[in-house]
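One structure below.
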Amino acid sequence: MFEVIDDLIKERNLHLFETIDLPERIEIRAPLPASLASGPAKYLADRIGVGETVWSHQAMALDRLQAGENVLVATGTASGKSLIFQLRAFHILLSDESARVLVFYPQKALAADQYARWVRLIEAAGLPISTIARIDGDMGMGERLAALERARLVLMTPDACQAWLMRHVASPIIRRFLADLRLFVLDEAHVYESVFGSNVAFLIRRMLAARRRIAPGDADLQLLAATATIAYPREHLCELTGLDFEVVEEGQNGAPSHPRRLYHLNGPEVGEAAEGNLADLAVGLLAVNPSQRGRFIGFHDSRQGIERIVRGVDDRRVLPYRSGYEAEDRQHIERALRDGRLEGVISTSALELGIDIADMAVGLNLGVPQSRKSFRQRVGRIGRARPGAFIVLAPPNAFKRYGESFQSYYETSVEPSYLYLGNRFIQFAHARCYVDEAEALGAEKGKLPPGIAWPDGFSSAVRYALPGGGRPREFDFIAALGADSPHLNYPLRQVGEANLEIKFQRDTADRLGNIAMNQAIREAYPGATYLHYGRAYKVAEWQTRANDRSIRVFQAEKGGAPTKPLLRTTVNASLEQDGIVDSHILQCDRGLVAEVQLQVTESVEGYRVPGGTHLYKDLRAQNPAMTRKQRDFRTTGIVVRIEDNWFSGGSPEASLARRVVAEGLKDLLARDRSIAPQDIDAVSTNVAMVGPNGPQRVTDCVVIYDAVYGGLRLTEDLFVEFQSYTRQLVRAAEMAGEDALIPLAIAQQLAAWAQSLEKPGAAPIPLLNIPTGWMQIYKPGSEMATYHHNSLISVTLGNPQMFAFGDTSMLVYAHERNGGTQMVTHAQLQPVGQDWQWALWNPATGEIKDIDDPIVLPRDETPSAHEAASSEATILRPPRRPRPTI
């Protein structure tokens, strides 16, 4: 195997920087627990060839399970974790004819792969095939209840549990299933982090609460979790489920392993040349006798990137795999992998979990994976039944620029898995679901059942979610998105993120796939060449009608010219008291670092093609479907504001310093804290501070922020350890030289500045000086937005006016749309971007003027709520922090 790879490297004229040899490991065996050695599971163990002994960590975990403990098995890939919960599951099923077992798999590909293994065990145990059911998005709605009624072993994705099972929790079949549930298995538990994991944490609690209500006197439910090696595994599972676990860790792993070799080869990690290098390696592997090299899997963290690589390979023995495919396409690839028809596959992270293809011997990775967890998982796909090789294609200083080597990157402990259960938007979405479930089960809707460790703040979210609960305005969009089907409209992998179907232009029924808004404005904007399953399509238009939220495409001629979006990101930050999160601010006489509330607008303004640039403002005149698309959301992030010449101002040197500092801090945070690349972002331009006149652009500031709705405070650690991060950037620059994330001189200036930061004293509170009889309005000419079928529509405001409505009147603005003048109320407007301002308006005279500077009062002179309420001035405005616009 290693000779094959060495020859390939020489043939392709690639430069090898470093290798890591992972030696063979000898197995350690131990007897099966006595209760299994003579029980029903022993029959199954004999039939599948387990024998009298298992690996030592398997025996330890099974012994604790037989004692009734909740158990977490946190050992490396290919360590036989599946056998542990298989033997425990069949012991329960064969001992109690009424018992049910539920297994959560986080991805459909993994569930499909494991389903075949479970079926073989079902047959070996002499049970009917109807004993098992796999329920996920690929099973029709009409089949699910019947399958659940028959099955005693159910494999399910959390997504299906959220969108279907909990939505119909009052069904007698589902009630009986939950009442009979004896074992709940969470496979690949380290995946439950960030947005997805935070949502699943609430789902698990809601399911446990429903079971308590259905079977109040029956607490006999055991949890078993399996995860690759992560930092603080017990803490993560406790936070995920609200329960405690006994842990079997990597140090107790008795599984054997084949020798593997890791290679760091020179090459770019992004762009056309990088993708061409990986495609070239795949072509080289295809030319080698399969018996010598086994099959291969390539990884790239770009959905469209893997499509381009497969088009470059141009061999049907290699296919792409990613999210967004229809079930038929996905199942075709999975079957071809299992039965050996595919020689290779190029995948996003969708195949890095638990897929066990015995002869998968070579792995290819474009760039350095964003986390060590991801790297370990990808390495774990190869070398299961024979020696394996894993190649990382990355620049010479890909590891040094983070202050480490290839060897230390692999050997350093993996990162913890992060959850943020205090996120108010996630809480509100699950509170909506919880209220529906409580009502369906005849329980008191506003009361949380005891015995469940609900996160702080969830009881308030439940109150807001009750009919007439008086929720704050910031939840209005989330409430509207959930409508009367919160289980369907709040997907686990994103909250508040619109999802669009991809359909053919002239056929309303034939779906090509689906895509989330944050991906769509980068991949499937109007005019884009969109690659799907190895084919090229042109995006004709977006449909945003109430009954049709889709992107329409047609097959591109001659393969389609590549396109790149022209993206513009604007960030509005608030440094007022209620804009700063948890008093997280450090200051000096030359700037500050703070964790703050943010409003982010991402828009695609046009696209590039070979030989030219197309802007929607020009294209729209000829084709009304060619319009700008945008995504607007509220989140949290870290503001770094430095009032020094090397960082502040419009000079090329200062602009470069801001750019490299923003990107360097973002990349280092993502690497150190195992944050997915799509979950955080950074900007060094188009940043504004929201003041009394609206947003005012600044040129002394960078922002690193959560790129998810509502924010999960993934960037909080950057504030907490800011000085440590700046010192690490200096060390990395000293090691990596010219290839450092940040040039050494800039890193040293940043670190020196950071040392002068300290916690500030009390700051004055600015108050607006609004004269009697005047109103605060959005200034005419402001570029605003309003929601139309849950999509943002841009509007340019005209003059304000008061509109009579019954016994009251409301503030409205004129604006031009669809060739005519329309009206929009003040409450419907969303202040997105930075092309808007506040102003003062006198309804009696029609006069409009700019807002004067605010009056600044010391804290002890701040007017009371009663005094503020008694003022004759009318203030039609949201709170000081940027209005939520998710």
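Naming scheme: A, B, ... for chains in displayed order of the structure tokens; residues 1 onward per chain; ligands 1 onward as shown.
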Which residues are near Ala785 (chain A)? Cut-off 7 Å, only C-alpha atoms, ignore same chain within fewer than 3 positions. Put them as a CSV table (one decimal) with N, CA, C and O atoms, in the first residue's frame.
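Saved as selection14.csv:
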chain,number,residue,atom,x,y,z
A,792,LEU,N,-37.0,38.4,2.4
A,792,LEU,CA,-36.8,39.9,2.5
A,792,LEU,C,-36.9,40.5,1.1
A,792,LEU,O,-36.3,40.1,0.2
A,793,ILE,N,-37.7,41.6,1.1
A,793,ILE,CA,-37.9,42.4,-0.2
A,793,ILE,C,-37.3,43.8,0.1
A,793,ILE,O,-37.8,44.4,1.1
A,794,SER,N,-36.4,44.3,-0.7
A,794,SER,CA,-35.9,45.6,-0.5
A,794,SER,C,-36.9,46.7,-0.9
A,794,SER,O,-37.6,46.5,-1.9
A,795,VAL,N,-36.9,47.8,-0.1
A,795,VAL,CA,-37.8,48.9,-0.4
A,795,VAL,C,-37.0,50.2,-0.1
A,795,VAL,O,-36.2,50.2,0.8
A,829,LEU,N,-41.1,47.3,8.8
A,829,LEU,CA,-39.8,47.5,8.2
A,829,LEU,C,-38.7,46.9,9.0
A,829,LEU,O,-38.7,46.9,10.3
A,830,GLN,N,-37.7,46.5,8.3
A,830,GLN,CA,-36.5,45.9,8.9
A,830,GLN,C,-35.3,46.7,8.5
A,830,GLN,O,-35.1,46.9,7.3
A,831,PRO,N,-34.6,47.3,9.4
A,831,PRO,CA,-33.4,48.2,9.0
A,831,PRO,C,-32.2,47.3,8.7
A,831,PRO,O,-31.3,47.0,9.5
A,832,VAL,N,-32.1,46.8,7.4
A,832,VAL,CA,-31.0,46.0,7.0
A,832,VAL,C,-29.9,46.9,6.4
A,832,VAL,O,-30.2,48.0,5.9
Check the DSSP output for the backbone and give back, as a ChimeraX atom specification, the residues of region 637-668 of chain A in strand (DSSP E or B). /A:637-642
The selected residues should be written to file as a PDB file, in the first residue's frame (atoms: N, CA, C and O atoms).
ATOM      1  N   GLY A 637     -21.102  38.735  18.205  1.00  0.00           N
ATOM      2  CA  GLY A 637     -19.735  38.616  17.704  1.00  0.00           C
ATOM      3  C   GLY A 637     -18.787  39.488  18.507  1.00  0.00           C
ATOM      4  O   GLY A 637     -19.173  40.161  19.467  1.00  0.00           O
ATOM      5  N   ILE A 638     -17.534  39.461  18.090  1.00  0.00           N
ATOM      6  CA  ILE A 638     -16.476  40.199  18.772  1.00  0.00           C
ATOM      7  C   ILE A 638     -16.041  41.374  17.905  1.00  0.00           C
ATOM      8  O   ILE A 638     -15.635  41.186  16.749  1.00  0.00           O
ATOM      9  N   VAL A 639     -16.143  42.578  18.473  1.00  0.00           N
ATOM     10  CA  VAL A 639     -15.664  43.802  17.822  1.00  0.00           C
ATOM     11  C   VAL A 639     -14.264  44.099  18.343  1.00  0.00           C
ATOM     12  O   VAL A 639     -14.044  44.129  19.560  1.00  0.00           O
ATOM     13  N   VAL A 640     -13.323  44.290  17.413  1.00  0.00           N
ATOM     14  CA  VAL A 640     -11.964  44.726  17.764  1.00  0.00           C
ATOM     15  C   VAL A 640     -11.769  46.091  17.118  1.00  0.00           C
ATOM     16  O   VAL A 640     -11.720  46.207  15.889  1.00  0.00           O
ATOM     17  N   ARG A 641     -11.670  47.132  17.949  1.00  0.00           N
ATOM     18  CA  ARG A 641     -11.561  48.506  17.441  1.00  0.00           C
ATOM     19  C   ARG A 641     -10.248  49.104  17.935  1.00  0.00           C
ATOM     20  O   ARG A 641     -10.040  49.272  19.136  1.00  0.00           O
ATOM     21  N   ILE A 642      -9.334  49.405  16.986  1.00  0.00           N
ATOM     22  CA  ILE A 642      -7.982  49.859  17.342  1.00  0.00           C
ATOM     23  C   ILE A 642      -7.744  51.229  16.699  1.00  0.00           C
ATOM     24  O   ILE A 642      -7.756  51.355  15.472  1.00  0.00           O
TER      25      ILE A 642
END
Please determine, counting only C-alpha atoms, which residue among A:Glu249, A:Ala215, A:Gly51, A:Val101 has the shortest atom-to-atom distance to Leu181 (chain A).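 With only C-alpha atoms as the atom set, the closest residue is A:Val101.
Put simply, CA of Val270 (chain A) is 7.7 Å away from CA of Leu366 (chain A).
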Counting only C-alpha atoms, which of A:Gln577, A:Asp6, A:Val248, A:Gly49 gets nearest to Asp63 (chain A)? A:Val248
Quick one: residues within 10 Å of region 618-624 of chain A, only C-alpha atoms counted, chain neighbours fewer than 2 positions away excluded, as a ChimeraX atom specification? /A:527,540-541,606,614-616,626-628
Output for the residues just chosen: C-alpha atoms as an mmCIF file, in the first residue's frame:
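Wrote it out as out-v4.cif, contents follow:
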data_model
loop_
_atom_site.group_PDB
_atom_site.id
_atom_site.type_symbol
_atom_site.label_atom_id
_atom_site.label_comp_id
_atom_site.auth_asym_id
_atom_site.auth_seq_id
_atom_site.Cartn_x
_atom_site.Cartn_y
_atom_site.Cartn_z
ATOM 1 C CA GLY A 527 -27.594 33.424 -13.394
ATOM 2 C CA ALA A 540 -33.137 30.950 -14.197
ATOM 3 C CA GLU A 541 -35.060 32.540 -11.330
ATOM 4 C CA GLY A 606 -24.067 39.908 -9.230
ATOM 5 C CA HIS A 614 -22.571 40.970 -14.418
ATOM 6 C CA LEU A 615 -24.370 43.173 -11.869
ATOM 7 C CA TYR A 616 -28.044 42.625 -11.128
ATOM 8 C CA MET A 626 -32.150 38.741 -12.346
ATOM 9 C CA THR A 627 -32.497 40.389 -8.943
ATOM 10 C CA ARG A 628 -30.254 40.799 -5.923
#
If you count only C-alpha atoms, which residues fall within 10 Å of region 665-679 of chain A, apart from same-chain ones fewer than 6 positions away, as a PyMOL selection string? chain A and resi 193-195+301+368-374+401-403+414-418+518-519+703-709+711-712+714-718+722+725-726+728-729+741-742
Between A:Gly68, A:Gly324, A:Gly76, A:Gly611, which one has atoms that come closest to Gly254 (chain A), using only C-alpha atoms?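 Closest to Gly254 (chain A) of all the choices is A:Gly76.
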Write out as a list of chain:residue names each polymer residue whose atoms come within 8 Å of Ala255 (chain A), counting only C-alpha atoms; drop sequence neighbours fewer than 6 positions from it.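 Contacts, in chain order: A:Arg25, A:Ile26, A:Glu27, A:Ile28, A:Trp55, A:Ser56, A:His57, A:Ala78, A:Ser79, A:Gly80.
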Quick one: of A:Ala688, A:Cys701, A:Ile9, A:Phe633, who's nearest to Ser655 (chain A), counting only C-alpha atoms?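 Among A:Ala688, A:Cys701, A:Ile9, A:Phe633, it is A:Cys701 that comes nearest to Ser655 (chain A).
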The distance between CA of Thr699 (chain A) and CA of Asp681 (chain A) is 18.3 Å
